[in-house]
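Undergrad: Take this structure, written in structure tokens, and hold onto it; I'll ask about it next.
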2 protein chains.
Amino acid sequence: MKDYILKNKKSVNKYLTDFLKEKGKELSKINRWGKDVPKRLSSFVTQGKAIRANMILLSYQMYGGIINKNAIKTASAIELFHSSLLIHDDIVDEDKKRRGGDTIFAQYEKLGKKETSLNPRHFGESLGICAGDIGFFWGFEIISNLKLEPRIKNELISIYSKELVLVGLGEMQDIYLGSISKKVTKKDVYNVHLYKTARYTFSLPLMIGATLAGKKSVLNKLSDIGELIGLIFQIKDDELGLFGDEKQIGKPVGSDIKEGKKTLYHLYLMEKATKEERQKLNKIFGNNKIGKKEIDYVRNLVKKYKIDQKIDKNIINYYKKAEKMIKNLSGKTKYKNILLEILKYNLKRKK
Amino acid sequence: MKDYILKNKKSVNKYLTDFLKEKGKELSKINRWGKDVPKRLSSFVTQGKAIRANMILLSYQMYGGIINKNAIKTASAIELFHSSLLIHDDIVDEDKKRRGGDTIFAQYEKLGKKETSLNPRHFGESLGICAGDIGFFWGFEIISNLKLEPRIKNELISIYSKELVLVGLGEMQDIYLGSISKKVTKKDVYNVHLYKTARYTFSLPLMIGATLAGKKSVLNKLSDIGELIGLIFQIKDDELGLFGDEKQIGKPVGSDIKEGKKTLYHLYLMEKATKEERQKLNKIFGNNKIGKKEIDYVRNLVKKYKIDQKIDKNIINYYKKAEKMIKNLSGKTKYKNILLEILKYNLKRKK
């Protein structure tokens, strides 16, 4: 599995680097940003885990596709879309660190501090909004220029645009839930997990890969499997955000707490906590001035009420369902097995 | 001309209203925003002047196209792209009024004040970023679902994505120039006018219309003509931003001054002003606390140094070039004449 992923990641990163280098050359004549945006995007996009690109290639091969330029390009496009979503998400979440480095808006904020006289924060956010938009357009450009049967390309664009809309709606709900103090339901949390992460990280690329291979009949099944893997992925992400190693995950631990993100941890904590604890928690969640002490307080309560074990049960449940569905799926066994390995890896990942 | 524009605007608005209504129905099951975003977008997008949609239809008919569902959809897509760009631009410019009403982020800021406990401004901006992104995706979705020869659709998407990237780069340069106090050159201002406005308001839709009509050979000429009409349009926009009637233009007069936008007015003023005046102007431009007094000061200097006349000469120069090129263009005379009328109208518009 690791070899498979690394090899694909290398091909995708190579294509993205070349594509963005070419864009930089072509657009440097427009203005300064024509060179600047491709350069920053290039280093940002190639530092990701390339999960989504791999999901595309895996499902493409599962249904008889042979890796070629078209497949690599299609897989690269999703990494661009993903980077653009992250660029905007980091503005929304006010996250300055990502993938071990400065987020794009934070980079522009620094540039603003050095070169401009106005509010560098707003300057950074504004340039970040534009850079994200540009990444989306390049994603669509890559797809529209594929050397493929046009009908298939249109299907790809249609799936991409529909699913990206759902990500936007999921993000909006996430922002909303993070900004209200009233209690949220498990359904609310599930909804955000599903649309903000699960579908677009797994369902979308699995569907794209099968579409590219001309196998439309499996889209619904792949979509369902993707949701399950994605839910596990998101819940693990929340776990790592609370208990992970800062160096390994590439961003500050506890930032979800500061942002008041409504995770399953938050939900179950609020259910189990005493009135006194709940009052304390309400002062911690959504407060960006908290430090290690408050984060440890949350961690200890999670342990005390065995919330981690309760959440593990949820995950195992999703895992078993997904495993069964993958086994029952049509498609080449070799690649189905890699998908099963990825499903398993997801359970134990530390980054 | 007016009848032509109004009729097309009606058809485009009808399609956009239906499309977004359908989206709202389909997505209301996702979460609250699935209904909310289409509703807000619907009222926002249909309040525009539909210039870009009309440019598409005009150039399409100029090259033999007959207005049908495909043409209306293609023209509607550009209005969605345009709205999304405006939504993001209003966040960047911190503009709360547009098209006579609240901008999208300002609407969400109000909602945030009512319903959430956190910073309503950041809440509004965040939801605005997402809503803009969603509009882009719908634009691409409309194009990918056209009932057209797939090859043409791919060309449309390719032109759209390439030109939208240029808008993003122009916007970045505009933000940058607005945030520095150092002197900008005429070339700088021209660059922003060209990429942030001119090309995408005229060149892009004219090229899209001809592509839709299958007439690729004229794209370069249309692109050049579009740039000239667009430059006039932008310079008039700057004029209206300084001397226009607030009710007619739908946004506060003087906002460009507050934002420190580097317009031709600003450029020429700085060239002509005395040292004393320049010092005063430097305190006015980019200062969002100024009022009518300061705006009048700028206006009076513009008159004093006859900068309006100087700028009029620029415009007339563009006008003459564009007029000649349109007359020499191939295509149906009836629609070429409408384009000439639009060119002329552009010179005198009050809104």
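FYI, nothing fancy with the structure tokens labels: chains A, B, ... in order, residues from 1 per chain, ligands from 1 as they appear.
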Each residue of chain A with at least one atom at most 7 Å from chain B should appear once, together with its nearest atom pair and the corresponding distance in Å (one decimal); atoms considered: only C-alpha atoms; ordering: chain, then increasing residue number; output as a tab-separated table.

TA:
residue	atom	partner	partner_atom	distance
A:Trp33	CA	B:Leu169	CA	5.9
A:Gly34	CA	B:Leu169	CA	6.3
A:Val92	CA	B:Ser126	CA	5.1
A:Thr116	CA	B:Ile180	CA	4.7
A:Ser117	CA	B:Ile180	CA	5.7
A:Leu118	CA	B:Ser179	CA	5.5
A:Ser126	CA	B:Val92	CA	5.1
A:Leu127	CA	B:Met172	CA	5.8
A:Cys130	CA	B:Gly168	CA	5.4
A:Ile134	CA	B:Val165	CA	5.2
A:Phe137	CA	B:Ser161	CA	4.8
A:Trp138	CA	B:Ser161	CA	6.6
A:Phe140	CA	B:Ser161	CA	6.6
A:Glu141	CA	B:Ser158	CA	5.4
A:Ser144	CA	B:Asn154	CA	5.1
A:Asn145	CA	B:Ser158	CA	7.0
A:Pro150	CA	B:Pro150	CA	5.0
A:Arg151	CA	B:Pro150	CA	5.9
A:Asn154	CA	B:Ser144	CA	5.1
A:Ile157	CA	B:Ser144	CA	6.2
A:Ser158	CA	B:Glu141	CA	5.4
A:Ser161	CA	B:Phe137	CA	4.9
A:Leu164	CA	B:Phe137	CA	6.8
A:Val165	CA	B:Ile134	CA	5.2
A:Gly168	CA	B:Cys130	CA	5.4
A:Leu169	CA	B:Trp33	CA	5.9
A:Met172	CA	B:Leu127	CA	5.9
A:Ser179	CA	B:Thr116	CA	5.5
A:Ile180	CA	B:Thr116	CA	4.8
A:Ser181	CA	B:Ser117	CA	6.7

Undergrad: Report the residues of region 149-297 of chain A whose backbone DSSP state falls under alpha helix (DSSP H), written as a PyMOL selection string.

TA: chain A and resi 150-179+186-192+204-212+219-243+246-249+255-259+264-272+275-284+292-297

Undergrad: What lies within 8 Å of Val253 (chain A) using only C-alpha atoms, ignoring chain neighbours under 5 positions off, as a PDB file with N, CA, C and O atoms, in the first residue's frame?

TA:
ATOM      1  N   LEU A 240      -6.560  13.145  16.408  1.00  0.00           N
ATOM      2  CA  LEU A 240      -5.185  13.642  16.282  1.00  0.00           C
ATOM      3  C   LEU A 240      -5.093  15.120  16.654  1.00  0.00           C
ATOM      4  O   LEU A 240      -4.092  15.566  17.219  1.00  0.00           O
ATOM      5  N   GLY A 241      -6.148  15.847  16.362  1.00  0.00           N
ATOM      6  CA  GLY A 241      -6.169  17.259  16.720  1.00  0.00           C
ATOM      7  C   GLY A 241      -6.171  17.467  18.223  1.00  0.00           C
ATOM      8  O   GLY A 241      -5.817  18.540  18.724  1.00  0.00           O
ATOM      9  N   LEU A 242      -6.561  16.437  18.947  1.00  0.00           N
ATOM     10  CA  LEU A 242      -6.650  16.525  20.409  1.00  0.00           C
ATOM     11  C   LEU A 242      -5.473  15.815  21.086  1.00  0.00           C
ATOM     12  O   LEU A 242      -4.904  16.306  22.054  1.00  0.00           O
ATOM     13  N   PHE A 243      -5.112  14.638  20.540  1.00  0.00           N
ATOM     14  CA  PHE A 243      -4.083  13.826  21.197  1.00  0.00           C
ATOM     15  C   PHE A 243      -2.827  13.618  20.347  1.00  0.00           C
ATOM     16  O   PHE A 243      -1.882  12.978  20.792  1.00  0.00           O
ATOM     17  N   GLY A 244      -2.843  14.129  19.104  1.00  0.00           N
ATOM     18  CA  GLY A 244      -1.739  13.829  18.182  1.00  0.00           C
ATOM     19  C   GLY A 244      -0.445  14.546  18.523  1.00  0.00           C
ATOM     20  O   GLY A 244      -0.370  15.362  19.450  1.00  0.00           O
ATOM     21  N   ASP A 245       0.569  14.234  17.731  1.00  0.00           N
ATOM     22  CA  ASP A 245       1.872  14.853  17.893  1.00  0.00           C
ATOM     23  C   ASP A 245       1.974  16.008  16.891  1.00  0.00           C
ATOM     24  O   ASP A 245       1.855  15.819  15.686  1.00  0.00           O
ATOM     25  N   GLU A 246       2.188  17.185  17.463  1.00  0.00           N
ATOM     26  CA  GLU A 246       2.208  18.406  16.655  1.00  0.00           C
ATOM     27  C   GLU A 246       3.118  18.288  15.434  1.00  0.00           C
ATOM     28  O   GLU A 246       2.773  18.724  14.334  1.00  0.00           O
TER      29      GLU A 246
END

Undergrad: Which parts of region 12-174 of chain A does DSSP call strand (DSSP E) when run on the backbone here, written out as an NGL selection string?

TA: :A and (97-98 or 101-102)

Undergrad: Go ahead and write the selection's residues with all heavy atoms as a short mmCIF file (atom, residue, chain, number, x, y, z; two decimals), in the first residue's frame.

TA:
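This went into out.cif:
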data_model
loop_
_atom_site.label_atom_id
_atom_site.label_comp_id
_atom_site.auth_asym_id
_atom_site.auth_seq_id
_atom_site.Cartn_x
_atom_site.Cartn_y
_atom_site.Cartn_z
N LYS A 97 -0.76 27.77 10.55
CA LYS A 97 0.16 26.68 10.25
C LYS A 97 -0.58 25.53 9.59
O LYS A 97 -1.70 25.19 9.98
CB LYS A 97 0.82 26.16 11.53
CG LYS A 97 1.78 27.14 12.18
CD LYS A 97 3.08 27.27 11.39
CE LYS A 97 3.92 28.42 11.92
NZ LYS A 97 5.03 28.75 11.01
N ARG A 98 0.05 24.93 8.62
CA ARG A 98 -0.56 23.82 7.89
C ARG A 98 0.58 23.10 7.16
O ARG A 98 1.46 23.75 6.61
CB ARG A 98 -1.56 24.40 6.89
CG ARG A 98 -1.95 23.54 5.73
CD ARG A 98 -3.11 22.65 6.01
NE ARG A 98 -4.37 23.36 6.21
CZ ARG A 98 -5.51 22.72 6.53
NH1 ARG A 98 -5.51 21.40 6.70
NH2 ARG A 98 -6.62 23.40 6.70
N GLY A 101 4.17 24.22 7.58
CA GLY A 101 4.65 25.56 7.22
C GLY A 101 3.57 26.60 7.40
O GLY A 101 2.51 26.31 7.97
N ASP A 102 3.84 27.81 6.93
CA ASP A 102 2.83 28.86 7.00
C ASP A 102 1.71 28.57 6.01
O ASP A 102 1.96 28.11 4.90
CB ASP A 102 3.44 30.22 6.62
CG ASP A 102 4.35 30.76 7.71
OD1 ASP A 102 4.24 30.29 8.85
OD2 ASP A 102 5.17 31.64 7.41
#

Undergrad: Can you work out the spacing between CA of Ala213 (chain A) and CA of Asn8 (chain A) in Å, to one decimal?

TA: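 Answer for the CA of Ala213 (chain A) to CA of Asn8 (chain A) separation: 16.9 Å.
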
Undergrad: Return the single residue from A:Phe233, A:Phe105, A:Tyr335, A:Tyr265 that is closest to Ile316 (chain A), with distances computed using only C-alpha atoms.

TA: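 Ranked by minimum distance to Ile316 (chain A), first place goes to A:Phe233.
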
Undergrad: Considering only C-alpha atoms, return as a list in words whatever protein or nucleic-acid residues lie within 10 Å of Ile78 (chain B), sequence-local ones (same chain, fewer than 2 positions apart) excluded.

TA: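 Surrounding residues, per the criterion: Ala50, Ile51, Arg52, Ala53, Asn54, Ile56, Lys73, Thr74, Ala75, Ser76, Leu80, Phe81, His82, Ser83, Ser84, Phe136, Gly139, Phe140, Ile142, Ile143, Tyr160, Tyr200, Thr201, Leu204, Pro205 and Ile208 of chain B.
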
Undergrad: With C-alpha atoms retained, could you export that selection as a PDB file, in the first residue's frame?

TA:
ATOM      1  CA  ALA B  50     -26.262  41.390 -17.060  1.00  0.00           C
ATOM      2  CA  ILE B  51     -23.688  43.086 -19.297  1.00  0.00           C
ATOM      3  CA  ARG B  52     -21.574  39.961 -19.570  1.00  0.00           C
ATOM      4  CA  ALA B  53     -24.494  37.694 -20.396  1.00  0.00           C
ATOM      5  CA  ASN B  54     -25.508  40.151 -23.103  1.00  0.00           C
ATOM      6  CA  ILE B  56     -22.112  36.455 -24.887  1.00  0.00           C
ATOM      7  CA  LYS B  73     -27.450  28.819 -19.983  1.00  0.00           C
ATOM      8  CA  THR B  74     -23.968  29.778 -21.142  1.00  0.00           C
ATOM      9  CA  ALA B  75     -24.824  33.428 -20.646  1.00  0.00           C
ATOM     10  CA  SER B  76     -26.253  32.666 -17.206  1.00  0.00           C
ATOM     11  CA  LEU B  80     -22.861  33.395 -11.669  1.00  0.00           C
ATOM     12  CA  PHE B  81     -19.081  33.651 -12.062  1.00  0.00           C
ATOM     13  CA  HIS B  82     -19.388  37.398 -11.930  1.00  0.00           C
ATOM     14  CA  SER B  83     -21.497  37.314  -8.776  1.00  0.00           C
ATOM     15  CA  SER B  84     -18.998  35.036  -7.080  1.00  0.00           C
ATOM     16  CA  PHE B 136     -18.087  29.263  -9.125  1.00  0.00           C
ATOM     17  CA  GLY B 139     -21.070  28.130 -13.068  1.00  0.00           C
ATOM     18  CA  PHE B 140     -18.906  25.208 -14.151  1.00  0.00           C
ATOM     19  CA  ILE B 142     -24.052  24.727 -15.863  1.00  0.00           C
ATOM     20  CA  ILE B 143     -21.463  24.661 -18.636  1.00  0.00           C
ATOM     21  CA  TYR B 160     -13.591  30.500 -18.758  1.00  0.00           C
ATOM     22  CA  TYR B 200     -13.472  39.522 -18.247  1.00  0.00           C
ATOM     23  CA  THR B 201     -16.330  41.965 -18.734  1.00  0.00           C
ATOM     24  CA  LEU B 204     -14.188  36.875 -22.198  1.00  0.00           C
ATOM     25  CA  PRO B 205     -17.926  36.945 -22.992  1.00  0.00           C
ATOM     26  CA  ILE B 208     -17.414  32.706 -25.295  1.00  0.00           C
TER      27      ILE B 208
END

Undergrad: I'd like the contact shell of Lys320 (chain B) - 12 Å cut-off, only C-alpha atoms, skipping same-chain residues fewer than 6 positions apart - returned as a list of chain:residue names.

TA: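 The residues satisfying every condition are B:Ile225, B:Leu228, B:Ile229, B:Ile232, B:Lys313, B:Asn314, B:Ile326, B:Lys327, B:Leu340, B:Leu343, B:Lys344, B:Leu347.
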
Undergrad: Would you mind exporting the chosen residues as a compact mmCIF listing (two decimals), in the first residue's frame, restricted to all heavy atoms?

TA:
# COMPACT_ATOMS: atom_id res chain seq x y z
N ILE B 225 -11.00 43.92 -29.10
CA ILE B 225 -12.12 44.87 -29.01
C ILE B 225 -12.65 44.92 -27.57
O ILE B 225 -12.90 45.99 -27.01
CB ILE B 225 -13.26 44.47 -29.98
CG1 ILE B 225 -12.79 44.68 -31.42
CG2 ILE B 225 -14.53 45.25 -29.71
CD1 ILE B 225 -13.73 44.08 -32.47
N LEU B 228 -10.64 47.11 -25.25
CA LEU B 228 -10.87 48.55 -25.41
C LEU B 228 -12.19 48.97 -24.77
O LEU B 228 -12.25 49.95 -24.02
CB LEU B 228 -10.85 48.93 -26.90
CG LEU B 228 -9.48 48.80 -27.57
CD1 LEU B 228 -9.63 48.85 -29.09
CD2 LEU B 228 -8.54 49.89 -27.08
N ILE B 229 -13.25 48.22 -25.07
CA ILE B 229 -14.56 48.58 -24.47
C ILE B 229 -14.44 48.48 -22.94
O ILE B 229 -14.95 49.32 -22.20
CB ILE B 229 -15.69 47.64 -24.95
CG1 ILE B 229 -15.73 47.55 -26.48
CG2 ILE B 229 -17.05 48.14 -24.42
CD1 ILE B 229 -16.83 46.65 -27.02
N ILE B 232 -12.67 51.44 -21.28
CA ILE B 232 -13.61 52.57 -21.16
C ILE B 232 -14.57 52.33 -19.99
O ILE B 232 -14.79 53.20 -19.15
CB ILE B 232 -14.43 52.76 -22.47
CG1 ILE B 232 -13.49 53.03 -23.65
CG2 ILE B 232 -15.45 53.88 -22.31
CD1 ILE B 232 -14.19 53.06 -25.00
N LYS B 313 -9.98 62.31 -22.82
CA LYS B 313 -9.17 62.13 -24.04
C LYS B 313 -8.72 60.68 -24.18
O LYS B 313 -8.76 60.11 -25.27
CB LYS B 313 -7.95 63.05 -24.00
CG LYS B 313 -8.21 64.38 -24.67
CD LYS B 313 -6.90 65.16 -24.79
CE LYS B 313 -7.18 66.63 -24.97
NZ LYS B 313 -6.03 67.47 -24.61
N ASN B 314 -8.29 60.09 -23.08
CA ASN B 314 -7.93 58.67 -23.09
C ASN B 314 -9.08 57.82 -23.59
O ASN B 314 -8.93 56.96 -24.44
CB ASN B 314 -7.63 58.18 -21.66
CG ASN B 314 -6.20 58.42 -21.25
OD1 ASN B 314 -5.28 58.29 -22.06
ND2 ASN B 314 -6.01 58.77 -20.00
N ILE B 326 -14.58 47.34 -34.66
CA ILE B 326 -15.90 46.69 -34.76
C ILE B 326 -16.42 46.79 -36.20
O ILE B 326 -16.94 45.83 -36.75
CB ILE B 326 -16.91 47.32 -33.77
CG1 ILE B 326 -16.48 47.06 -32.32
CG2 ILE B 326 -18.32 46.75 -33.99
CD1 ILE B 326 -17.28 47.81 -31.27
N LYS B 327 -16.24 47.97 -36.78
CA LYS B 327 -16.72 48.15 -38.16
C LYS B 327 -16.02 47.21 -39.13
O LYS B 327 -16.62 46.73 -40.09
CB LYS B 327 -16.55 49.62 -38.59
CG LYS B 327 -17.61 50.52 -37.95
CD LYS B 327 -17.51 51.96 -38.42
CE LYS B 327 -18.66 52.78 -37.82
NZ LYS B 327 -18.43 54.23 -37.92
N LEU B 340 -21.82 48.50 -31.35
CA LEU B 340 -21.41 49.91 -31.49
C LEU B 340 -22.23 50.82 -30.57
O LEU B 340 -21.70 51.74 -29.96
CB LEU B 340 -21.57 50.36 -32.95
CG LEU B 340 -20.49 49.86 -33.92
CD1 LEU B 340 -20.90 50.12 -35.36
CD2 LEU B 340 -19.13 50.50 -33.62
N LEU B 343 -20.95 50.35 -27.09
CA LEU B 343 -19.70 51.10 -26.98
C LEU B 343 -19.99 52.57 -26.71
O LEU B 343 -19.40 53.19 -25.82
CB LEU B 343 -18.92 50.94 -28.29
CG LEU B 343 -17.66 51.80 -28.46
CD1 LEU B 343 -16.59 51.38 -27.47
CD2 LEU B 343 -17.12 51.69 -29.89
N LYS B 344 -20.95 53.12 -27.45
CA LYS B 344 -21.29 54.54 -27.29
C LYS B 344 -21.96 54.80 -25.93
O LYS B 344 -21.63 55.76 -25.25
CB LYS B 344 -22.24 54.95 -28.44
CG LYS B 344 -22.26 56.45 -28.70
CD LYS B 344 -23.10 56.79 -29.92
CE LYS B 344 -22.26 56.86 -31.20
NZ LYS B 344 -23.10 56.99 -32.42
N LEU B 347 -19.80 55.30 -22.96
CA LEU B 347 -19.20 56.63 -22.81
C LEU B 347 -20.03 57.54 -21.93
O LEU B 347 -19.51 58.45 -21.31
CB LEU B 347 -19.08 57.30 -24.18
CG LEU B 347 -17.85 57.07 -25.02
CD1 LEU B 347 -17.91 57.97 -26.24
CD2 LEU B 347 -16.58 57.36 -24.22

Undergrad: If we count only C-alpha atoms, what is near Gly254 (chain A) at a cut-off of 12 Å, once residues fewer than 3 positions away on the same chain are taken out, given as a ChimeraX atom specification?

TA: /A:95,237-246,249,251,257-261,284-299

Undergrad: If you keep N, CA, C and O atoms, can you produce a file of those selected residues as a short mmCIF file (atom, residue, chain, number, x, y, z; two decimals), in the first residue's frame?

TA:
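Resulting contents of result_19.cif:
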data_model
loop_
_atom_site.label_atom_id
_atom_site.label_comp_id
_atom_site.auth_asym_id
_atom_site.auth_seq_id
_atom_site.Cartn_x
_atom_site.Cartn_y
_atom_site.Cartn_z
N ASP A 95 -6.17 29.75 10.82
CA ASP A 95 -5.03 28.84 11.07
C ASP A 95 -3.81 29.33 10.30
O ASP A 95 -3.85 29.45 9.08
N ASP A 237 -9.07 12.37 12.54
CA ASP A 237 -8.50 13.71 12.44
C ASP A 237 -8.80 14.51 13.70
O ASP A 237 -7.93 15.21 14.23
N ASP A 238 -10.01 14.38 14.19
CA ASP A 238 -10.39 15.06 15.43
C ASP A 238 -9.58 14.51 16.60
O ASP A 238 -9.17 15.25 17.49
N GLU A 239 -9.37 13.19 16.58
CA GLU A 239 -8.57 12.57 17.64
C GLU A 239 -7.14 13.11 17.62
O GLU A 239 -6.59 13.50 18.65
N LEU A 240 -6.56 13.15 16.41
CA LEU A 240 -5.19 13.64 16.28
C LEU A 240 -5.09 15.12 16.65
O LEU A 240 -4.09 15.57 17.22
N GLY A 241 -6.15 15.85 16.36
CA GLY A 241 -6.17 17.26 16.72
C GLY A 241 -6.17 17.47 18.22
O GLY A 241 -5.82 18.54 18.72
N LEU A 242 -6.56 16.44 18.95
CA LEU A 242 -6.65 16.52 20.41
C LEU A 242 -5.47 15.82 21.09
O LEU A 242 -4.90 16.31 22.05
N PHE A 243 -5.11 14.64 20.54
CA PHE A 243 -4.08 13.83 21.20
C PHE A 243 -2.83 13.62 20.35
O PHE A 243 -1.88 12.98 20.79
N GLY A 244 -2.84 14.13 19.10
CA GLY A 244 -1.74 13.83 18.18
C GLY A 244 -0.45 14.55 18.52
O GLY A 244 -0.37 15.36 19.45
N ASP A 245 0.57 14.23 17.73
CA ASP A 245 1.87 14.85 17.89
C ASP A 245 1.97 16.01 16.89
O ASP A 245 1.85 15.82 15.69
N GLU A 246 2.19 17.19 17.46
CA GLU A 246 2.21 18.41 16.65
C GLU A 246 3.12 18.29 15.43
O GLU A 246 2.77 18.72 14.33
N ILE A 249 1.46 15.92 12.79
CA ILE A 249 0.25 16.36 12.10
C ILE A 249 0.44 17.71 11.40
O ILE A 249 -0.37 18.11 10.57
N LYS A 251 0.28 20.77 12.40
CA LYS A 251 -0.44 21.96 12.86
C LYS A 251 -0.60 21.89 14.38
O LYS A 251 -0.46 20.81 14.97
N ILE A 257 -10.20 22.90 19.52
CA ILE A 257 -10.81 23.39 20.76
C ILE A 257 -10.91 24.91 20.71
O ILE A 257 -11.96 25.49 20.99
N LYS A 258 -9.81 25.53 20.32
CA LYS A 258 -9.79 27.00 20.24
C LYS A 258 -10.86 27.52 19.29
O LYS A 258 -11.46 28.56 19.51
N GLU A 259 -11.05 26.79 18.20
CA GLU A 259 -12.03 27.24 17.21
C GLU A 259 -13.46 26.87 17.59
O GLU A 259 -14.40 27.24 16.89
N GLY A 260 -13.60 26.10 18.67
CA GLY A 260 -14.94 25.69 19.08
C GLY A 260 -15.56 24.70 18.13
O GLY A 260 -16.79 24.62 18.02
N LYS A 261 -14.73 23.95 17.40
CA LYS A 261 -15.25 22.96 16.46
C LYS A 261 -16.14 21.95 17.19
O LYS A 261 -15.78 21.46 18.26
N ILE A 284 -13.73 27.09 27.69
CA ILE A 284 -12.53 26.65 26.96
C ILE A 284 -12.79 26.55 25.46
O ILE A 284 -12.04 27.08 24.64
N PHE A 285 -13.91 25.91 25.08
CA PHE A 285 -14.20 25.72 23.66
C PHE A 285 -14.53 27.06 22.99
O PHE A 285 -15.35 27.83 23.49
N GLY A 286 -13.86 27.32 21.89
CA GLY A 286 -14.10 28.56 21.16
C GLY A 286 -13.31 29.73 21.70
O GLY A 286 -13.49 30.87 21.26
N ASN A 287 -12.38 29.46 22.63
CA ASN A 287 -11.56 30.52 23.21
C ASN A 287 -10.14 30.39 22.67
O ASN A 287 -9.43 29.44 23.01
N ASN A 288 -9.72 31.33 21.86
CA ASN A 288 -8.40 31.13 21.25
C ASN A 288 -7.25 31.61 22.13
O ASN A 288 -6.10 31.65 21.70
N LYS A 289 -7.58 31.92 23.37
CA LYS A 289 -6.50 32.34 24.28
C LYS A 289 -6.06 31.21 25.22
O LYS A 289 -5.22 31.42 26.09
N ILE A 290 -6.63 30.03 25.05
CA ILE A 290 -6.30 28.94 25.97
C ILE A 290 -4.91 28.36 25.67
O ILE A 290 -4.38 28.54 24.58
N GLY A 291 -4.33 27.69 26.66
CA GLY A 291 -3.00 27.09 26.50
C GLY A 291 -3.02 25.61 26.83
O GLY A 291 -4.08 24.98 26.85
N LYS A 292 -1.83 25.08 27.12
CA LYS A 292 -1.67 23.65 27.35
C LYS A 292 -2.55 23.17 28.52
O LYS A 292 -3.10 22.08 28.48
N LYS A 293 -2.66 24.00 29.52
CA LYS A 293 -3.41 23.62 30.73
C LYS A 293 -4.86 23.28 30.37
O LYS A 293 -5.39 22.24 30.78
N GLU A 294 -5.47 24.14 29.61
CA GLU A 294 -6.88 23.93 29.25
C GLU A 294 -7.04 22.72 28.32
O GLU A 294 -8.00 21.96 28.43
N ILE A 295 -6.06 22.58 27.41
CA ILE A 295 -6.14 21.44 26.49
C ILE A 295 -6.01 20.13 27.28
O ILE A 295 -6.74 19.17 27.04
N ASP A 296 -5.11 20.13 28.25
CA ASP A 296 -4.96 18.95 29.11
C ASP A 296 -6.23 18.67 29.91
O ASP A 296 -6.60 17.52 30.13
N TYR A 297 -6.89 19.71 30.32
CA TYR A 297 -8.15 19.54 31.06
C TYR A 297 -9.16 18.79 30.20
O TYR A 297 -9.82 17.85 30.66
N VAL A 298 -9.25 19.21 28.94
CA VAL A 298 -10.18 18.54 28.03
C VAL A 298 -9.76 17.08 27.82
O VAL A 298 -10.59 16.16 27.92
N ARG A 299 -8.47 16.89 27.60
CA ARG A 299 -7.97 15.52 27.39
C ARG A 299 -8.29 14.62 28.58
O ARG A 299 -8.71 13.48 28.41
#

Undergrad: State, in Å with one decimal place, the distance from CA of Gly64 (chain B) to CA of Ser203 (chain B).

TA: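 Here the two named atoms are 18.6 Å from each other.
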
Undergrad: Write out as a list in words which residues come within 12 Å of Ile66 (chain B) when counting only C-alpha atoms, dropping same-chain ones fewer than 4 positions away.

TA: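 Residues meeting the cut-off are Leu57, Leu58, Ser59, Tyr60, Gln61, Met62, Asn70, Ala71, Ile72, Gly209, Ala210, Leu212 and Ala213 of chain B.
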
Undergrad: CA of Tyr318 (chain A) to CA of Lys236 (chain A): how many Å, to one decimal?

TA: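 Computing it gives 12.3 Å between the two atoms.
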
Undergrad: Restricting the calculation to only C-alpha atoms: of A:His266, A:Arg99, A:Lys283, A:Lys7, which residue gets closest to Thr46 (chain A)?

TA: A:Arg99

Undergrad: Which residue gives the smallest distance to Asp224 (chain A) among A:Met55, A:Gly331, A:Met325, A:Lys303, with only C-alpha atoms counted?

TA: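 Selected residue with least distance to Asp224 (chain A): A:Met325.
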